[in-house]
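Down below is the structure, laid out as structure tokens.
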Amino acid sequence: MKKVFILACVVMLAACGQQEEKKAPALSLESDSAKLGYAIGMDIGQSLKTLETDLDRAAMIAAINDRLDNAETKLSQEEAGKVKQEFFVKQAEKKAAEQKAAGEKNKTDGEAFLASHAKEEGVSVTESGLQYKVLRAAEGAKPAATDKVTVHYKGMLIDGSEFDSSYSRGEPITFPLDGVIKGWQEGVQLMTVGSKYKLVLPADLAYGDRGAGPKIGPNAVLVFEVELLSIGDEKPAADLTPEAAAAKAINEAAGK
């Protein structure tokens with residue numbers, strides 16, 4: 001909260017040079033101080049967007065001018081504190097309501113998707129509710145829960161939108177299997193080195209009602225395509241799968 005109002009003060013300082021109730025003169029950015037002021041204002045304006053509300057700019061400018069001129073403020077410190085507290089409480093309540101609505105929708109949509117996907121040819125369902133399909137079988141070892149594995153993967157929401165992909169980065173990822181979400185722990189242990197599976201994770205095997213970041217909402221069912229390349233510190237059987245090689249070539253061509 002303190003950071004937000006410090007930023008607001010900076011915005012108001014930048015606006016104080018304008019004449020009250022008069023049309024502002026054309027902005028000139030010829031001086032270094034003007035350029036710096038504008039550059040900082042760009043950052044501050046972007047930051048203030050996170051408040052997601054319409055601020056009365058005239059009131060903000062009046063308040064900062066009152067402070068700079070040592071004039072009596074229109075609100076006491078106690079009144080101002082109460083206004084700010086009420087605003088942030090309302091914002092929190094709004095966010096909670098939006099999160100709840102999104103979670104309920106994701107739960108309904110996810111249950112329908114799981115019921116439909118479970119009927120598709122080749123799909124198996126485990127006792128936990130994990131759904132998987134073998135996209136490419138292979139003869140090889142299976143990892144234990146405590147093993148470190150190297151995989152290539154693509155993660156999608158049930159609408160098909162991609163939220164993460166090692167293929168896009170052009171390199172696989174290595175991690176301890178017991179350090180990831182439950183659906184991955186169970187699903188990857190079903191796989192043999194060299195195989196490729198489609199894993200569909202109910203929300204309770206993924207990120208549950210909390211979601212993860214801006215792309216994975218509460219109660220989201222997640223879909224993964226996973227290739228198990230190696231177990232432990234073994235070198236993967238192939239440095240790059242065809243999908244990863246194609247992604248790497250695209251990234252290199254784009255200068256990434």
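How things are named: the first chain in the structure tokens is A, the next is B, and so on; residues count from 1 in each chain; ligands count from 1 in the order shown.
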Self-check item: Nearby residues (only C-alpha atoms) at most 12 Å from A:Lys100, same-chain spacing under 2 positions excluded, as an MDAnalysis selection string
Solution: chainID A and resid 93:98 102:107 209:211 217:219
Quiz item: Got a sec: who's within 8 Å of A:Asp233, counting only C-alpha atoms, leaving out chain neighbours fewer than 2 positions off, as a list in words?
Solution: Lys148, Val149, Ser230, Ile231 and Lys235 of chain A
Saved selection, atoms kept: N, CA, C and O atoms, as a PDB file, in the first residue's frame:
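Result saved to result00.pdb:
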ATOM      1  N   LYS A 148      15.791 -38.399 -10.383  1.00  0.00           N
ATOM      2  CA  LYS A 148      15.833 -37.181 -11.178  1.00  0.00           C
ATOM      3  C   LYS A 148      15.590 -37.587 -12.628  1.00  0.00           C
ATOM      4  O   LYS A 148      16.116 -38.599 -13.091  1.00  0.00           O
ATOM      5  N   VAL A 149      14.785 -36.833 -13.346  1.00  0.00           N
ATOM      6  CA  VAL A 149      14.463 -37.183 -14.724  1.00  0.00           C
ATOM      7  C   VAL A 149      14.693 -35.996 -15.647  1.00  0.00           C
ATOM      8  O   VAL A 149      14.693 -34.845 -15.218  1.00  0.00           O
ATOM      9  N   SER A 230      15.505 -39.328 -20.109  1.00  0.00           N
ATOM     10  CA  SER A 230      16.496 -40.078 -19.335  1.00  0.00           C
ATOM     11  C   SER A 230      16.148 -40.040 -17.859  1.00  0.00           C
ATOM     12  O   SER A 230      15.330 -39.230 -17.408  1.00  0.00           O
ATOM     13  N   ILE A 231      16.793 -40.932 -17.114  1.00  0.00           N
ATOM     14  CA  ILE A 231      16.633 -41.016 -15.666  1.00  0.00           C
ATOM     15  C   ILE A 231      17.973 -40.746 -15.010  1.00  0.00           C
ATOM     16  O   ILE A 231      19.017 -41.209 -15.487  1.00  0.00           O
ATOM     17  N   LYS A 235      22.793 -39.346 -19.923  1.00  0.00           N
ATOM     18  CA  LYS A 235      22.586 -38.468 -21.076  1.00  0.00           C
ATOM     19  C   LYS A 235      21.345 -38.946 -21.825  1.00  0.00           C
ATOM     20  O   LYS A 235      21.158 -40.136 -22.013  1.00  0.00           O
TER      21      LYS A 235
END
Practice problem: Give me every alpha helix (DSSP H) residue in stretch 33-122 of chain A, going by DSSP on the backbone, as an MDAnalysis selection string. | Solution: chainID A and resid 33:48 57:68 77:117
Can you pull out the residues contacting A:Gly155? Cut-off 8 Å, using only C-alpha atoms, and skip same-chain residues under 3 positions away; I want them as a PDB file with all heavy atoms, in the first residue's frame.
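What ended up in part-v8.pdb:
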ATOM      1  N   GLU A 162      -1.650 -23.096 -25.036  1.00  0.00           N
ATOM      2  CA  GLU A 162      -0.397 -23.533 -24.423  1.00  0.00           C
ATOM      3  C   GLU A 162       0.065 -22.533 -23.366  1.00  0.00           C
ATOM      4  O   GLU A 162       0.065 -21.336 -23.607  1.00  0.00           O
ATOM      5  CB  GLU A 162       0.674 -23.664 -25.517  1.00  0.00           C
ATOM      6  CG  GLU A 162       2.013 -24.176 -25.043  1.00  0.00           C
ATOM      7  CD  GLU A 162       3.009 -24.292 -26.190  1.00  0.00           C
ATOM      8  OE1 GLU A 162       2.714 -25.046 -27.147  1.00  0.00           O
ATOM      9  OE2 GLU A 162       4.049 -23.601 -26.145  1.00  0.00           O
ATOM     10  N   PHE A 163       0.455 -23.040 -22.189  1.00  0.00           N
ATOM     11  CA  PHE A 163       0.954 -22.150 -21.150  1.00  0.00           C
ATOM     12  C   PHE A 163       2.436 -22.359 -20.848  1.00  0.00           C
ATOM     13  O   PHE A 163       3.062 -21.522 -20.201  1.00  0.00           O
ATOM     14  CB  PHE A 163       0.132 -22.278 -19.860  1.00  0.00           C
ATOM     15  CG  PHE A 163       0.134 -23.658 -19.246  1.00  0.00           C
ATOM     16  CD1 PHE A 163       1.187 -24.089 -18.453  1.00  0.00           C
ATOM     17  CD2 PHE A 163      -0.931 -24.516 -19.458  1.00  0.00           C
ATOM     18  CE1 PHE A 163       1.183 -25.357 -17.890  1.00  0.00           C
ATOM     19  CE2 PHE A 163      -0.946 -25.783 -18.896  1.00  0.00           C
ATOM     20  CZ  PHE A 163       0.112 -26.211 -18.112  1.00  0.00           C
ATOM     21  N   ASP A 164       3.010 -23.455 -21.336  1.00  0.00           N
ATOM     22  CA  ASP A 164       4.439 -23.687 -21.101  1.00  0.00           C
ATOM     23  C   ASP A 164       4.912 -24.778 -22.047  1.00  0.00           C
ATOM     24  O   ASP A 164       4.145 -25.668 -22.407  1.00  0.00           O
ATOM     25  CB  ASP A 164       4.681 -24.102 -19.648  1.00  0.00           C
ATOM     26  CG  ASP A 164       6.161 -24.062 -19.266  1.00  0.00           C
ATOM     27  OD1 ASP A 164       6.950 -23.441 -20.007  1.00  0.00           O
ATOM     28  OD2 ASP A 164       6.519 -24.642 -18.229  1.00  0.00           O
ATOM     29  N   SER A 165       6.193 -24.708 -22.440  1.00  0.00           N
ATOM     30  CA  SER A 165       6.721 -25.722 -23.353  1.00  0.00           C
ATOM     31  C   SER A 165       8.235 -25.706 -23.369  1.00  0.00           C
ATOM     32  O   SER A 165       8.846 -24.666 -23.618  1.00  0.00           O
ATOM     33  CB  SER A 165       6.192 -25.488 -24.779  1.00  0.00           C
ATOM     34  OG  SER A 165       6.830 -26.347 -25.699  1.00  0.00           O
ATOM     35  N   LEU A 222      -5.323 -29.688 -16.353  1.00  0.00           N
ATOM     36  CA  LEU A 222      -4.174 -29.437 -17.221  1.00  0.00           C
ATOM     37  C   LEU A 222      -3.874 -30.645 -18.106  1.00  0.00           C
ATOM     38  O   LEU A 222      -4.040 -31.795 -17.695  1.00  0.00           O
ATOM     39  CB  LEU A 222      -2.937 -29.104 -16.379  1.00  0.00           C
ATOM     40  CG  LEU A 222      -3.070 -27.917 -15.425  1.00  0.00           C
ATOM     41  CD1 LEU A 222      -1.747 -27.676 -14.701  1.00  0.00           C
ATOM     42  CD2 LEU A 222      -3.519 -26.667 -16.155  1.00  0.00           C
ATOM     43  N   VAL A 223      -3.433 -30.354 -19.310  1.00  0.00           N
ATOM     44  CA  VAL A 223      -3.097 -31.386 -20.292  1.00  0.00           C
ATOM     45  C   VAL A 223      -1.621 -31.246 -20.655  1.00  0.00           C
ATOM     46  O   VAL A 223      -1.159 -30.154 -20.988  1.00  0.00           O
ATOM     47  CB  VAL A 223      -3.950 -31.248 -21.566  1.00  0.00           C
ATOM     48  CG1 VAL A 223      -3.596 -32.346 -22.568  1.00  0.00           C
ATOM     49  CG2 VAL A 223      -5.440 -31.285 -21.221  1.00  0.00           C
ATOM     50  N   PHE A 224      -0.885 -32.355 -20.576  1.00  0.00           N
ATOM     51  CA  PHE A 224       0.539 -32.332 -20.902  1.00  0.00           C
ATOM     52  C   PHE A 224       0.880 -33.414 -21.918  1.00  0.00           C
ATOM     53  O   PHE A 224       0.314 -34.510 -21.882  1.00  0.00           O
ATOM     54  CB  PHE A 224       1.407 -32.588 -19.662  1.00  0.00           C
ATOM     55  CG  PHE A 224       1.379 -31.486 -18.638  1.00  0.00           C
ATOM     56  CD1 PHE A 224       0.487 -31.527 -17.582  1.00  0.00           C
ATOM     57  CD2 PHE A 224       2.253 -30.412 -18.737  1.00  0.00           C
ATOM     58  CE1 PHE A 224       0.460 -30.522 -16.630  1.00  0.00           C
ATOM     59  CE2 PHE A 224       2.236 -29.400 -17.793  1.00  0.00           C
ATOM     60  CZ  PHE A 224       1.337 -29.454 -16.736  1.00  0.00           C
ATOM     61  N   GLU A 225       1.777 -33.092 -22.810  1.00  0.00           N
ATOM     62  CA  GLU A 225       2.452 -34.104 -23.626  1.00  0.00           C
ATOM     63  C   GLU A 225       3.875 -34.174 -23.108  1.00  0.00           C
ATOM     64  O   GLU A 225       4.569 -33.148 -23.047  1.00  0.00           O
ATOM     65  CB  GLU A 225       2.431 -33.722 -25.103  1.00  0.00           C
ATOM     66  CG  GLU A 225       1.036 -33.788 -25.708  1.00  0.00           C
ATOM     67  CD  GLU A 225       1.031 -33.456 -27.199  1.00  0.00           C
ATOM     68  OE1 GLU A 225       2.143 -33.259 -27.770  1.00  0.00           O
ATOM     69  OE2 GLU A 225      -0.060 -33.390 -27.781  1.00  0.00           O
TER      70      GLU A 225
END
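In this structure, atom CA of A:Ala63 sits 14.2 Å away from atom CA of A:Lys84.
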Self-check item: Surrounding residues of A:Ser28 excluding itself and chain neighbours under 5 positions, 12 Å, only C-alpha atoms, as number ranges by chain
Solution: A: 33-38
Exercise. State, in Å with one decimal place, the distance from atom CA of A:Gly110 to atom CA of A:His152.
Key: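 Atom-to-atom, atom CA of A:Gly110 to atom CA of A:His152, that is 24.7 Å.
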Quiz item: Quick one: residues within 10 Å of A:Leu201, only C-alpha atoms counted, chain neighbours fewer than 6 positions away excluded, as a ChimeraX atom specification?
Solution: /A:110,114,128-132,181-184,187,207,220-224
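Once A:Gln185 and its same-chain neighbours fewer than 4 positions away are set aside, Pro143, Ala144, Ala145, Thr146, Pro176, Leu177, Asp178, Gly179, Val180, Ile181, Gln189, Leu190 and Leu205 of chain A remain within 10 Å of it when counting only C-alpha atoms.
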Only C-alpha atoms, please: the residues just picked out, written as a short mmCIF file (atom, residue, chain, number, x, y, z; two decimals), in the first residue's frame.
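The result, written out as part02.cif:
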data_model
loop_
_atom_site.label_atom_id
_atom_site.label_comp_id
_atom_site.auth_asym_id
_atom_site.auth_seq_id
_atom_site.Cartn_x
_atom_site.Cartn_y
_atom_site.Cartn_z
CA PRO A 143 11.83 -43.90 -12.88
CA ALA A 144 11.18 -44.15 -9.16
CA ALA A 145 9.58 -41.34 -7.18
CA THR A 146 12.96 -40.25 -5.84
CA PRO A 176 13.73 -34.34 -9.10
CA LEU A 177 10.49 -36.21 -9.68
CA ASP A 178 9.40 -35.83 -6.05
CA GLY A 179 9.62 -32.03 -6.38
CA VAL A 180 6.81 -31.49 -8.89
CA ILE A 181 3.00 -31.59 -8.82
CA GLN A 189 6.55 -43.00 -13.13
CA LEU A 190 4.29 -44.86 -15.56
CA LEU A 205 -3.32 -33.41 -9.01
#
Exercise. Enter the distance from atom CA of A:Leu135 to atom CA of A:Gly170, in Å, rounded to one decimal.
Key: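 Atom CA of A:Gly170 lies 20.6 Å from atom CA of A:Leu135.
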